[in-house]
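Structure file structure09.txt; described as compact mmCIF, C-alpha atoms (C1' of nucleotides).
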# COMPACT_ATOMS: atom_id res chain seq x y z
CA MET R 13 0.00 0.00 0.00
CA GLY R 14 1.35 3.48 0.68
CA LYS R 15 3.25 4.65 -2.37
CA ARG R 16 5.37 2.64 -4.74
CA LYS R 17 8.52 3.70 -6.42
CA PRO R 18 7.61 3.63 -10.09
CA THR R 19 11.18 2.77 -11.04
CA SER R 20 11.56 -0.34 -8.91
CA THR R 21 11.94 -3.66 -10.69
CA ASN R 22 9.16 -4.88 -8.51
CA THR R 23 6.72 -2.41 -9.98
CA ILE R 24 8.01 -2.90 -13.49
CA ASN R 25 7.74 -6.67 -13.31
CA ARG R 26 4.27 -6.45 -11.97
CA GLU R 27 3.20 -4.16 -14.74
CA THR R 28 4.63 -6.24 -17.55
CA LEU R 29 3.05 -9.38 -16.12
CA ILE R 30 -0.28 -7.71 -15.60
CA ASP R 31 -0.31 -6.93 -19.27
CA PHE R 32 -0.59 -10.51 -20.40
CA CYS R 33 -1.94 -12.36 -17.44
CA GLY R 34 -5.38 -11.80 -15.98
CA MET R 35 -4.45 -13.85 -12.97
CA VAL R 36 -1.60 -11.59 -11.98
CA TYR R 37 -3.92 -8.64 -12.42
CA ALA R 38 -6.49 -10.27 -10.18
CA ALA R 39 -3.90 -11.22 -7.59
CA ASP R 40 -2.64 -7.68 -7.62
CA ILE R 41 -6.07 -6.26 -6.95
CA LEU R 42 -7.00 -8.82 -4.31
CA GLY R 43 -3.63 -9.08 -2.60
CA GLY R 44 -3.50 -7.32 0.70
CA ARG R 45 -3.95 -8.24 4.25
CA TRP R 46 -7.65 -7.45 4.53
CA LYS R 47 -9.01 -7.20 1.02
CA LEU R 48 -10.50 -10.62 0.53
CA LEU R 49 -11.91 -10.44 4.02
CA ILE R 50 -13.51 -7.07 3.42
CA LEU R 51 -15.12 -8.32 0.24
CA TYR R 52 -16.30 -11.40 2.07
CA LYS R 53 -17.94 -9.34 4.78
CA LEU R 54 -19.57 -7.06 2.25
CA ASP R 55 -21.02 -9.98 0.34
CA GLY R 56 -24.75 -9.51 0.08
CA ARG R 57 -25.02 -6.45 2.27
CA THR R 58 -24.15 -2.82 2.70
CA LEU R 59 -22.04 -1.80 5.67
CA ARG R 60 -20.75 1.45 6.96
CA PHE R 61 -17.18 2.03 7.98
CA SER R 62 -17.67 1.41 11.68
CA GLU R 63 -19.74 -1.71 11.13
CA LEU R 64 -17.09 -3.15 8.90
CA LYS R 65 -14.48 -2.33 11.47
CA LYS R 66 -16.38 -4.21 14.14
CA ARG R 67 -16.48 -7.31 12.00
CA LEU R 68 -12.78 -7.36 11.28
CA PRO R 69 -10.67 -8.29 14.25
CA ASN R 70 -7.74 -6.00 14.95
CA VAL R 71 -7.89 -3.88 11.86
CA SER R 72 -6.84 -0.30 12.42
CA ASP R 73 -8.67 2.71 11.04
CA ARG R 74 -5.80 3.42 8.76
CA MET R 75 -5.57 -0.02 7.22
CA LEU R 76 -9.29 -0.21 6.69
CA THR R 77 -9.32 3.19 5.03
CA LEU R 78 -6.38 2.32 2.83
CA HIS R 79 -7.78 -0.98 1.71
CA LEU R 80 -11.23 0.42 1.10
CA GLN R 81 -9.74 3.20 -1.00
CA GLU R 82 -7.84 0.72 -3.10
CA LEU R 83 -10.83 -1.50 -3.50
CA GLU R 84 -12.82 1.49 -4.63
CA LYS R 85 -10.16 2.46 -7.15
CA SER R 86 -10.12 -1.12 -8.43
CA GLY R 87 -13.85 -0.92 -8.97
CA LEU R 88 -14.73 -3.60 -6.46
CA VAL R 89 -16.52 -1.64 -3.79
CA ILE R 90 -18.77 1.36 -4.11
CA ARG R 91 -18.67 4.13 -1.58
CA THR R 92 -21.67 6.24 -0.73
CA ILE R 93 -21.45 9.33 1.41
CA HIS R 94 -24.53 10.52 3.22
CA ALA R 95 -24.14 14.17 4.05
CA GLU R 96 -25.42 13.98 7.58
CA VAL R 97 -23.88 14.82 10.90
CA PRO R 98 -22.00 12.86 11.89
CA VAL R 99 -21.13 11.73 8.39
CA ARG R 100 -22.34 8.32 7.31
CA VAL R 101 -20.38 6.41 4.72
CA GLU R 102 -21.55 3.12 3.31
CA TYR R 103 -19.85 0.48 1.25
CA HIS R 104 -21.19 -2.26 -0.97
CA LEU R 105 -19.87 -4.56 -3.66
CA SER R 106 -19.82 -3.61 -7.31
CA GLU R 107 -21.34 -5.95 -9.87
CA SER R 108 -17.91 -7.08 -10.88
CA ALA R 109 -17.05 -7.99 -7.32
CA GLN R 110 -20.25 -9.94 -6.97
CA GLN R 111 -19.20 -12.07 -9.89
CA LEU R 112 -16.10 -12.86 -7.95
CA ALA R 113 -18.08 -14.28 -5.04
CA PRO R 114 -18.38 -17.85 -6.36
CA ILE R 115 -14.64 -17.92 -6.89
CA TRP R 116 -13.74 -17.00 -3.37
CA LYS R 117 -16.30 -19.43 -2.05
CA GLN R 118 -14.55 -22.17 -3.97
CA LEU R 119 -11.27 -20.90 -2.64
CA GLU R 120 -12.68 -21.05 0.85
CA ARG R 121 -13.70 -24.69 0.35
CA TRP R 122 -10.39 -25.60 -1.22
CA GLY R 123 -8.53 -23.96 1.63
CA LEU R 124 -10.35 -25.97 4.26
CA ALA R 125 -9.96 -29.21 2.33
CA HIS R 126 -6.29 -28.61 1.69
CA ARG R 127 -5.65 -27.79 5.29
CA ASP R 128 -7.26 -31.05 6.33
CA ILE R 129 -5.04 -32.96 3.96
CA MET R 130 -1.96 -31.23 5.30
CA GLU R 131 -2.91 -31.94 8.88
CA LYS R 132 -3.49 -35.60 8.18
CA GLU R 133 -0.15 -35.88 6.48
CA ALA R 134 1.52 -34.22 9.42
CA LYS R 135 -0.04 -36.72 11.80
CA PHE R 136 0.95 -39.57 9.54
CA SER R 137 4.57 -38.56 9.42
CA VAL R 138 4.62 -38.15 13.19
CA ALA R 139 3.17 -41.67 13.49
CA LEU R 140 6.06 -43.01 11.46
CA HIS R 141 8.47 -41.86 14.10
CA MET H 18 9.29 -14.85 3.09
CA GLY H 19 12.49 -15.03 5.07
CA LYS H 20 11.55 -15.26 8.73
CA ARG H 21 8.69 -13.71 10.56
CA LYS H 22 8.64 -12.36 14.04
CA PRO H 23 6.23 -14.68 15.80
CA THR H 24 5.20 -11.92 18.20
CA SER H 25 4.13 -9.33 15.66
CA THR H 26 0.47 -8.43 15.51
CA ASN H 27 0.67 -9.14 11.85
CA THR H 28 1.54 -12.77 12.46
CA ILE H 29 -0.93 -13.11 15.30
CA ASN H 30 -3.79 -11.68 13.30
CA ARG H 31 -3.02 -13.92 10.41
CA GLU H 32 -2.99 -16.97 12.61
CA THR H 33 -6.25 -16.23 14.34
CA LEU H 34 -7.93 -15.56 11.03
CA ILE H 35 -6.52 -18.65 9.42
CA ASP H 36 -8.14 -20.65 12.15
CA PHE H 37 -11.66 -19.93 11.08
CA CYS H 38 -11.38 -18.90 7.47
CA GLY H 39 -10.26 -21.19 4.68
CA MET H 40 -9.99 -18.25 2.37
CA VAL H 41 -7.44 -16.49 4.50
CA TYR H 42 -5.51 -19.73 4.71
CA ALA H 43 -5.59 -20.08 0.94
CA ALA H 44 -4.60 -16.48 0.41
CA ASP H 45 -1.73 -16.94 2.79
CA ILE H 46 -0.41 -19.94 0.90
CA LEU H 47 -0.89 -18.42 -2.51
CA GLY H 48 0.16 -14.89 -1.68
CA GLY H 49 3.58 -14.02 -2.90
CA ARG H 50 5.02 -12.37 -5.89
CA TRP H 51 5.55 -15.48 -8.02
CA LYS H 52 3.52 -18.25 -6.46
CA LEU H 53 0.43 -18.20 -8.61
CA LEU H 54 2.60 -17.79 -11.66
CA ILE H 55 4.79 -20.74 -10.75
CA LEU H 56 1.75 -22.92 -10.24
CA TYR H 57 0.36 -21.72 -13.53
CA LYS H 58 3.53 -22.62 -15.39
CA LEU H 59 3.68 -26.03 -13.74
CA ASP H 60 0.11 -26.79 -14.69
CA GLY H 61 0.07 -30.07 -16.60
CA ARG H 62 3.80 -30.53 -16.84
CA THR H 63 6.98 -31.16 -14.97
CA LEU H 64 9.72 -28.58 -15.12
CA ARG H 65 13.17 -28.32 -13.70
CA PHE H 66 14.49 -25.29 -11.92
CA SER H 67 16.21 -23.74 -14.91
CA GLU H 68 13.26 -24.28 -17.23
CA LEU H 69 10.97 -22.63 -14.77
CA LYS H 70 13.36 -19.74 -14.47
CA LYS H 71 13.36 -19.24 -18.22
CA ARG H 72 9.58 -19.00 -18.26
CA LEU H 73 9.39 -16.40 -15.53
CA PRO H 74 10.64 -12.99 -16.57
CA ASN H 75 13.05 -11.32 -14.17
CA VAL H 76 12.84 -13.75 -11.31
CA SER H 77 16.10 -14.19 -9.43
CA ASP H 78 17.49 -17.56 -8.36
CA ARG H 79 16.86 -16.67 -4.78
CA MET H 80 13.23 -15.71 -5.17
CA LEU H 81 12.51 -18.78 -7.22
CA THR H 82 14.16 -20.99 -4.63
CA LEU H 83 12.31 -19.35 -1.74
CA HIS H 84 8.94 -19.58 -3.38
CA LEU H 85 9.46 -23.15 -4.48
CA GLN H 86 10.46 -24.12 -0.98
CA GLU H 87 7.36 -22.55 0.48
CA LEU H 88 5.15 -24.13 -2.10
CA GLU H 89 6.69 -27.46 -1.26
CA LYS H 90 6.10 -26.92 2.44
CA SER H 91 2.51 -25.97 1.70
CA GLY H 92 2.07 -29.22 -0.16
CA LEU H 93 1.42 -27.64 -3.52
CA VAL H 94 4.47 -28.65 -5.50
CA ILE H 95 6.49 -31.83 -5.35
CA ARG H 96 10.23 -31.72 -5.70
CA THR H 97 12.16 -34.61 -7.16
CA ILE H 98 15.92 -34.78 -7.06
CA HIS H 99 17.66 -36.91 -9.64
CA ALA H 100 21.07 -37.86 -8.34
CA GLU H 101 22.91 -37.27 -11.57
CA VAL H 102 25.75 -35.02 -12.47
CA PRO H 103 25.03 -32.22 -12.72
CA VAL H 104 22.10 -32.55 -10.37
CA ARG H 105 18.64 -32.40 -11.87
CA VAL H 106 15.73 -31.19 -9.81
CA GLU H 107 12.21 -31.35 -11.10
CA TYR H 108 8.99 -29.82 -9.89
CA HIS H 109 5.39 -30.75 -10.50
CA LEU H 110 2.02 -30.00 -8.96
CA SER H 111 0.54 -32.03 -6.13
CA GLU H 112 -2.96 -33.40 -6.43
CA SER H 113 -4.23 -30.68 -4.17
CA ALA H 114 -2.71 -28.02 -6.37
CA GLN H 115 -4.28 -29.57 -9.44
CA GLN H 116 -7.67 -29.18 -7.85
CA LEU H 117 -6.88 -25.53 -7.57
CA ALA H 118 -6.37 -25.19 -11.30
CA PRO H 119 -10.01 -24.56 -12.24
CA ILE H 120 -10.16 -21.83 -9.64
CA TRP H 121 -7.23 -19.89 -10.96
CA LYS H 122 -8.51 -20.31 -14.48
CA GLN H 123 -11.74 -18.67 -13.41
CA LEU H 124 -9.70 -16.02 -11.69
CA GLU H 125 -7.77 -15.49 -14.89
CA ARG H 126 -11.00 -15.02 -16.85
CA TRP H 127 -12.47 -12.75 -14.22
CA GLY H 128 -9.30 -10.68 -14.19
CA LEU H 129 -9.40 -10.09 -17.93
CA ALA H 130 -13.11 -9.31 -17.91
CA HIS H 131 -12.79 -6.96 -14.99
CA ARG H 132 -9.89 -5.17 -16.56
CA ASP H 133 -11.93 -4.62 -19.71
CA ILE H 134 -14.74 -3.14 -17.69
CA MET H 135 -12.35 -0.83 -15.90
CA GLU H 136 -10.78 0.33 -19.13
CA LYS H 137 -14.13 1.08 -20.69
CA GLU H 138 -15.18 3.08 -17.68
CA ALA H 139 -11.96 5.01 -17.81
CA LYS H 140 -12.55 5.91 -21.45
CA PHE H 141 -16.11 6.87 -20.69
CA SER H 142 -15.17 9.26 -17.94
CA VAL H 143 -12.50 10.80 -20.16
CA ALA H 144 -15.15 11.30 -22.85
CA LEU H 145 -17.28 13.24 -20.40
CA HIS H 146 -14.58 15.85 -20.07
C1' DT X 1 44.73 -27.39 -13.43
C1' DG X 2 41.05 -24.68 -14.42
C1' DC X 3 36.34 -24.27 -16.20
C1' DG X 4 31.51 -24.81 -16.34
C1' DG X 5 26.56 -25.67 -15.01
C1' DA X 6 22.97 -26.77 -11.65
C1' DG X 7 20.70 -25.53 -7.52
C1' DC X 8 21.08 -23.56 -4.08
C1' DA X 9 22.92 -20.76 0.80
C1' DC X 10 24.37 -16.60 3.01
C1' DA X 11 24.81 -11.68 4.09
C1' DC X 12 23.14 -7.58 3.11
C1' DA X 13 20.16 -3.76 1.17
C1' DA X 14 16.03 -1.78 -0.63
C1' DA X 15 11.26 -1.41 -1.06
C1' DA X 16 6.64 -2.29 0.23
C1' DA X 17 3.11 -3.37 3.51
C1' DT X 18 1.39 -2.90 7.96
C1' DG X 19 0.85 -0.82 12.47
C1' DT X 20 0.53 3.09 16.19
C1' DA X 21 -0.65 7.40 17.85
C1' DA X 22 -2.43 11.69 17.36
C1' DG X 23 -5.60 14.98 15.60
C1' DC X 24 -9.37 17.26 12.80
C1' DG X 25 -14.15 19.17 11.78
C1' DC X 26 -18.61 19.40 12.84
C1' DA X 27 -22.94 19.46 15.46
C1' DA X 28 -25.58 17.39 18.88
C1' DA X 29 -25.57 15.69 23.52
C1' DA X 30 -24.12 16.13 28.41
C1' DT N 22 -18.55 24.39 28.02
C1' DT N 23 -16.70 20.17 27.50
C1' DT N 24 -17.37 15.85 25.54
C1' DT N 25 -18.64 12.46 22.02
C1' DG N 26 -18.85 9.98 17.55
C1' DC N 27 -17.79 9.31 12.76
C1' DG N 28 -14.63 8.79 9.03
C1' DC N 29 -11.00 9.81 7.92
C1' DT N 30 -5.70 12.03 7.47
C1' DT N 31 -0.97 12.74 8.70
C1' DA N 32 3.53 11.58 10.45
C1' DC N 33 6.24 8.15 11.92
C1' DA N 34 7.89 3.27 13.34
C1' DT N 35 8.14 -1.54 12.55
C1' DT N 36 7.70 -5.83 10.09
C1' DT N 37 7.74 -8.43 5.91
C1' DT N 38 8.92 -9.18 1.30
C1' DT N 39 11.82 -8.78 -2.51
C1' DG N 40 16.20 -8.09 -4.75
C1' DT N 41 21.58 -8.28 -5.38
C1' DG N 42 25.83 -10.26 -5.22
C1' DT N 43 28.94 -13.62 -3.96
C1' DG N 44 30.36 -18.26 -3.49
C1' DC N 45 29.96 -23.25 -2.81
C1' DT N 46 29.98 -28.22 -4.12
C1' DC N 47 29.60 -31.86 -7.03
C1' DC N 48 31.65 -34.07 -10.97
C1' DG N 49 33.07 -34.40 -15.90
C1' DC N 50 35.73 -32.37 -19.44
C1' DA N 51 39.44 -30.10 -21.80

Whole structure, structure tokens version:
Amino acid sequence: MGKRKPTSTNTINRETLIDFCGMVYAADILGGRWKLLILYKLDGRTLRFSELKKRLPNVSDRMLTLHLQELEKSGLVIRTIHAEVPVRVEYHLSESAQQLAPIWKQLERWGLAHRDIMEKEAKFSVALH
Amino acid sequence: MGKRKPTSTNTINRETLIDFCGMVYAADILGGRWKLLILYKLDGRTLRFSELKKRLPNVSDRMLTLHLQELEKSGLVIRTIHAEVPVRVEYHLSESAQQLAPIWKQLERWGLAHRDIMEKEAKFSVALH
DNA sequence: TGCGGAGCACACAAAAATGTAAGCGCAAAA
DNA sequence: TTTTGCGCTTACATTTTTGTGTGCTCCGCA
């Protein structure tokens, strides 16, 4: 997050890869400590900043703001400001992000399954000892 | 990569989240500059270190080694050492990783589609000016 | 004897991501 | 009048990730 040096090989590599690989592009957009989780929490509902914060353990104001800003720039979440006092700001998923939902649900399932496999293997190799 | 301070809030948060969310677990395993790309390149074939390196633009020996090691630890790639001279080391996907393939293909498609949408929107808002 | 490739390991440096603490602007509530 | 809440922003510190360069070891080959 923060700023990136535009001259770093890191940035350059990323950009050249993004050009020909949709997966790298997707990973770039979704990579970040809280992004997938934010999207997950916003799935199917609209939440305001403070509500979102409550649902994410240990996220700081700053990180939440930063990630939400990036997600907005990437066209995944939509931000609505209600000019009241105190201000009310609400977030919900864009159409594009909603199409992503089935993918992260699969990913969720795969993650759990894979973790089970790993744990069984670990037990097995302990048993061999 | 490298080592992590086990006391940092970063690590602690990650661990608590991983406990109840397969998606965070998956993201943790797959997050990393080259990981998805390595898996992608290994899809359906076996490659040795140097072949893999050729297919990945600008990756250094070190980064490739680190990522491959982590992927092996995560049970996604399988490493085979052929005791020849010079040594030959080959990598291929585990069964678990192969089950992941359809997901990243969807992600690939989504990425391209989403990028198109973003580009069109960008043009549109320029046109308004 | 020196060279060369393969697949790393190690020490170090740079960059990027994340976290912490403080404060701000406004109006209503206390 | 002071306090409170919301949704940030700013400055700064720390942690994590990535990159760079060097060298090693094994053996065959010239």

Enter the distance from atom C1' of X:DA11 to atom C1' of N:DT43, in Å, rounded to one decimal.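 Separation between atom C1' of X:DA11 and atom C1' of N:DT43: 9.3 Å.
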
Can you move chain R onto chain H by a least-squares fit over all C-alpha atoms paired in order, then give me the moved copy as a PDB file with C-alpha atoms, in the coordinates of the input?
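Writing the result to result_38.pdb gives the following:
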ATOM      1  CA  MET R  13       9.156 -14.627   2.897  1.00  0.00           C
ATOM      2  CA  GLY R  14      12.406 -14.709   4.854  1.00  0.00           C
ATOM      3  CA  LYS R  15      11.590 -15.080   8.525  1.00  0.00           C
ATOM      4  CA  ARG R  16       8.697 -13.643  10.453  1.00  0.00           C
ATOM      5  CA  LYS R  17       8.716 -12.363  13.951  1.00  0.00           C
ATOM      6  CA  PRO R  18       6.357 -14.712  15.745  1.00  0.00           C
ATOM      7  CA  THR R  19       5.336 -11.969  18.158  1.00  0.00           C
ATOM      8  CA  SER R  20       4.211  -9.408  15.603  1.00  0.00           C
ATOM      9  CA  THR R  21       0.530  -8.528  15.492  1.00  0.00           C
ATOM     10  CA  ASN R  22       0.715  -9.223  11.824  1.00  0.00           C
ATOM     11  CA  THR R  23       1.602 -12.842  12.401  1.00  0.00           C
ATOM     12  CA  ILE R  24      -0.845 -13.209  15.248  1.00  0.00           C
ATOM     13  CA  ASN R  25      -3.725 -11.767  13.263  1.00  0.00           C
ATOM     14  CA  ARG R  26      -2.964 -13.987  10.369  1.00  0.00           C
ATOM     15  CA  GLU R  27      -2.923 -17.039  12.546  1.00  0.00           C
ATOM     16  CA  THR R  28      -6.186 -16.316  14.306  1.00  0.00           C
ATOM     17  CA  LEU R  29      -7.893 -15.603  10.993  1.00  0.00           C
ATOM     18  CA  ILE R  30      -6.480 -18.689   9.372  1.00  0.00           C
ATOM     19  CA  ASP R  31      -8.111 -20.699  12.088  1.00  0.00           C
ATOM     20  CA  PHE R  32     -11.643 -19.936  11.033  1.00  0.00           C
ATOM     21  CA  CYS R  33     -11.382 -18.888   7.450  1.00  0.00           C
ATOM     22  CA  GLY R  34     -10.277 -21.172   4.650  1.00  0.00           C
ATOM     23  CA  MET R  35      -9.991 -18.222   2.339  1.00  0.00           C
ATOM     24  CA  VAL R  36      -7.414 -16.471   4.461  1.00  0.00           C
ATOM     25  CA  TYR R  37      -5.512 -19.730   4.659  1.00  0.00           C
ATOM     26  CA  ALA R  38      -5.599 -20.061   0.896  1.00  0.00           C
ATOM     27  CA  ALA R  39      -4.592 -16.452   0.371  1.00  0.00           C
ATOM     28  CA  ASP R  40      -1.735 -16.950   2.760  1.00  0.00           C
ATOM     29  CA  ILE R  41      -0.434 -19.943   0.867  1.00  0.00           C
ATOM     30  CA  LEU R  42      -0.901 -18.412  -2.572  1.00  0.00           C
ATOM     31  CA  GLY R  43       0.164 -14.874  -1.737  1.00  0.00           C
ATOM     32  CA  GLY R  44       3.578 -14.013  -3.005  1.00  0.00           C
ATOM     33  CA  ARG R  45       4.993 -12.377  -6.001  1.00  0.00           C
ATOM     34  CA  TRP R  46       5.541 -15.496  -8.090  1.00  0.00           C
ATOM     35  CA  LYS R  47       3.502 -18.261  -6.531  1.00  0.00           C
ATOM     36  CA  LEU R  48       0.406 -18.229  -8.669  1.00  0.00           C
ATOM     37  CA  LEU R  49       2.588 -17.836 -11.717  1.00  0.00           C
ATOM     38  CA  ILE R  50       4.771 -20.775 -10.784  1.00  0.00           C
ATOM     39  CA  LEU R  51       1.734 -22.961 -10.270  1.00  0.00           C
ATOM     40  CA  TYR R  52       0.346 -21.777 -13.571  1.00  0.00           C
ATOM     41  CA  LYS R  53       3.518 -22.703 -15.404  1.00  0.00           C
ATOM     42  CA  LEU R  54       3.660 -26.084 -13.729  1.00  0.00           C
ATOM     43  CA  ASP R  55       0.093 -26.872 -14.695  1.00  0.00           C
ATOM     44  CA  GLY R  56       0.056 -30.125 -16.597  1.00  0.00           C
ATOM     45  CA  ARG R  57       3.790 -30.624 -16.802  1.00  0.00           C
ATOM     46  CA  THR R  58       6.974 -31.259 -14.909  1.00  0.00           C
ATOM     47  CA  LEU R  59       9.734 -28.679 -15.086  1.00  0.00           C
ATOM     48  CA  ARG R  60      13.172 -28.435 -13.666  1.00  0.00           C
ATOM     49  CA  PHE R  61      14.490 -25.402 -11.881  1.00  0.00           C
ATOM     50  CA  SER R  62      16.231 -23.855 -14.863  1.00  0.00           C
ATOM     51  CA  GLU R  63      13.297 -24.433 -17.182  1.00  0.00           C
ATOM     52  CA  LEU R  64      10.974 -22.753 -14.763  1.00  0.00           C
ATOM     53  CA  LYS R  65      13.366 -19.875 -14.463  1.00  0.00           C
ATOM     54  CA  LYS R  66      13.389 -19.380 -18.209  1.00  0.00           C
ATOM     55  CA  ARG R  67       9.630 -19.133 -18.281  1.00  0.00           C
ATOM     56  CA  LEU R  68       9.397 -16.522 -15.571  1.00  0.00           C
ATOM     57  CA  PRO R  69      10.620 -13.127 -16.628  1.00  0.00           C
ATOM     58  CA  ASN R  70      13.049 -11.457 -14.255  1.00  0.00           C
ATOM     59  CA  VAL R  71      12.821 -13.859 -11.383  1.00  0.00           C
ATOM     60  CA  SER R  72      16.057 -14.272  -9.488  1.00  0.00           C
ATOM     61  CA  ASP R  73      17.464 -17.595  -8.352  1.00  0.00           C
ATOM     62  CA  ARG R  74      16.822 -16.662  -4.795  1.00  0.00           C
ATOM     63  CA  MET R  75      13.183 -15.741  -5.208  1.00  0.00           C
ATOM     64  CA  LEU R  76      12.461 -18.833  -7.226  1.00  0.00           C
ATOM     65  CA  THR R  77      14.125 -21.027  -4.632  1.00  0.00           C
ATOM     66  CA  LEU R  78      12.290 -19.343  -1.797  1.00  0.00           C
ATOM     67  CA  HIS R  79       8.910 -19.575  -3.417  1.00  0.00           C
ATOM     68  CA  LEU R  80       9.411 -23.155  -4.500  1.00  0.00           C
ATOM     69  CA  GLN R  81      10.419 -24.091  -0.969  1.00  0.00           C
ATOM     70  CA  GLU R  82       7.306 -22.509   0.437  1.00  0.00           C
ATOM     71  CA  LEU R  83       5.112 -24.119  -2.136  1.00  0.00           C
ATOM     72  CA  GLU R  84       6.646 -27.447  -1.270  1.00  0.00           C
ATOM     73  CA  LYS R  85       6.047 -26.896   2.432  1.00  0.00           C
ATOM     74  CA  SER R  86       2.444 -25.949   1.671  1.00  0.00           C
ATOM     75  CA  GLY R  87       2.023 -29.217  -0.171  1.00  0.00           C
ATOM     76  CA  LEU R  88       1.386 -27.656  -3.550  1.00  0.00           C
ATOM     77  CA  VAL R  89       4.445 -28.676  -5.493  1.00  0.00           C
ATOM     78  CA  ILE R  90       6.465 -31.846  -5.308  1.00  0.00           C
ATOM     79  CA  ARG R  91      10.202 -31.779  -5.638  1.00  0.00           C
ATOM     80  CA  THR R  92      12.186 -34.639  -7.073  1.00  0.00           C
ATOM     81  CA  ILE R  93      15.945 -34.787  -6.932  1.00  0.00           C
ATOM     82  CA  HIS R  94      17.785 -36.892  -9.455  1.00  0.00           C
ATOM     83  CA  ALA R  95      21.197 -37.733  -8.107  1.00  0.00           C
ATOM     84  CA  GLU R  96      23.120 -37.065 -11.268  1.00  0.00           C
ATOM     85  CA  VAL R  97      25.914 -34.700 -12.101  1.00  0.00           C
ATOM     86  CA  PRO R  98      25.099 -31.952 -12.478  1.00  0.00           C
ATOM     87  CA  VAL R  99      22.127 -32.378 -10.184  1.00  0.00           C
ATOM     88  CA  ARG R 100      18.697 -32.397 -11.763  1.00  0.00           C
ATOM     89  CA  VAL R 101      15.738 -31.227  -9.745  1.00  0.00           C
ATOM     90  CA  GLU R 102      12.204 -31.414 -11.032  1.00  0.00           C
ATOM     91  CA  TYR R 103       8.976 -29.905  -9.846  1.00  0.00           C
ATOM     92  CA  HIS R 104       5.369 -30.821 -10.462  1.00  0.00           C
ATOM     93  CA  LEU R 105       1.998 -30.038  -8.947  1.00  0.00           C
ATOM     94  CA  SER R 106       0.519 -32.047  -6.118  1.00  0.00           C
ATOM     95  CA  GLU R 107      -2.992 -33.427  -6.443  1.00  0.00           C
ATOM     96  CA  SER R 108      -4.272 -30.709  -4.198  1.00  0.00           C
ATOM     97  CA  ALA R 109      -2.756 -28.040  -6.394  1.00  0.00           C
ATOM     98  CA  GLN R 110      -4.293 -29.590  -9.460  1.00  0.00           C
ATOM     99  CA  GLN R 111      -7.688 -29.194  -7.884  1.00  0.00           C
ATOM    100  CA  LEU R 112      -6.918 -25.544  -7.603  1.00  0.00           C
ATOM    101  CA  ALA R 113      -6.391 -25.195 -11.345  1.00  0.00           C
ATOM    102  CA  PRO R 114     -10.033 -24.538 -12.284  1.00  0.00           C
ATOM    103  CA  ILE R 115     -10.163 -21.802  -9.683  1.00  0.00           C
ATOM    104  CA  TRP R 116      -7.225 -19.884 -11.002  1.00  0.00           C
ATOM    105  CA  LYS R 117      -8.505 -20.289 -14.523  1.00  0.00           C
ATOM    106  CA  GLN R 118     -11.723 -18.635 -13.443  1.00  0.00           C
ATOM    107  CA  LEU R 119      -9.690 -15.979 -11.725  1.00  0.00           C
ATOM    108  CA  GLU R 120      -7.768 -15.448 -14.922  1.00  0.00           C
ATOM    109  CA  ARG R 121     -11.012 -14.959 -16.865  1.00  0.00           C
ATOM    110  CA  TRP R 122     -12.469 -12.681 -14.231  1.00  0.00           C
ATOM    111  CA  GLY R 123      -9.309 -10.610 -14.202  1.00  0.00           C
ATOM    112  CA  LEU R 124      -9.408 -10.015 -17.931  1.00  0.00           C
ATOM    113  CA  ALA R 125     -13.117  -9.229 -17.903  1.00  0.00           C
ATOM    114  CA  HIS R 126     -12.790  -6.877 -14.970  1.00  0.00           C
ATOM    115  CA  ARG R 127      -9.900  -5.086 -16.546  1.00  0.00           C
ATOM    116  CA  ASP R 128     -11.942  -4.523 -19.678  1.00  0.00           C
ATOM    117  CA  ILE R 129     -14.749  -3.049 -17.644  1.00  0.00           C
ATOM    118  CA  MET R 130     -12.361  -0.737 -15.847  1.00  0.00           C
ATOM    119  CA  GLU R 131     -10.795   0.430 -19.073  1.00  0.00           C
ATOM    120  CA  LYS R 132     -14.148   1.184 -20.627  1.00  0.00           C
ATOM    121  CA  GLU R 133     -15.185   3.164 -17.606  1.00  0.00           C
ATOM    122  CA  ALA R 134     -11.967   5.117 -17.742  1.00  0.00           C
ATOM    123  CA  LYS R 135     -12.588   6.009 -21.371  1.00  0.00           C
ATOM    124  CA  PHE R 136     -16.151   6.956 -20.585  1.00  0.00           C
ATOM    125  CA  SER R 137     -15.186   9.333 -17.836  1.00  0.00           C
ATOM    126  CA  VAL R 138     -12.555  10.907 -20.068  1.00  0.00           C
ATOM    127  CA  ALA R 139     -15.244  11.369 -22.740  1.00  0.00           C
ATOM    128  CA  LEU R 140     -17.349  13.287 -20.258  1.00  0.00           C
ATOM    129  CA  HIS R 141     -14.668  15.901 -19.978  1.00  0.00           C
TER     130      HIS R 141
END

Within 8 Å of chain H, which residues belong to chain X? Use only C-alpha atoms (C1' of nucleotides) and report them as a PyMOL selection string. chain X and resi 5-8+18

Which of these, R:Pro114, R:Gly87, R:Pro69, R:Gly123, has the shortest distance to H:Asn30 once you count all atoms listed in the file?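 Counting all atoms listed in the file, the residue closest to H:Asn30 is R:Pro69.
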
With 12 Å as the cut-off and only C-alpha atoms (C1' of nucleotides) counted, what is the closest atom pair between each nearby residue of chain N and chain R? Distances in Å to one decimal, ordered by chain and number, as a Markdown table.
| residue | atom | partner | partner_atom | distance |
| --- | --- | --- | --- | --- |
| N:DT25 | C1' | R:Pro98 | CA | 10.7 |
| N:DG26 | C1' | R:Pro98 | CA | 7.1 |
| N:DC27 | C1' | R:Pro98 | CA | 5.6 |
| N:DG28 | C1' | R:Val99 | CA | 7.2 |
| N:DC29 | C1' | R:Thr77 | CA | 7.4 |
| N:DT30 | C1' | R:Arg74 | CA | 8.7 |
| N:DT31 | C1' | R:Arg74 | CA | 10.5 |
| N:DT37 | C1' | R:Arg45 | CA | 11.8 |
| N:DT38 | C1' | R:Asn22 | CA | 10.7 |
| N:DT39 | C1' | R:Asn22 | CA | 7.6 |
| N:DG40 | C1' | R:Thr21 | CA | 8.5 |
| N:DT41 | C1' | R:Thr21 | CA | 11.9 |
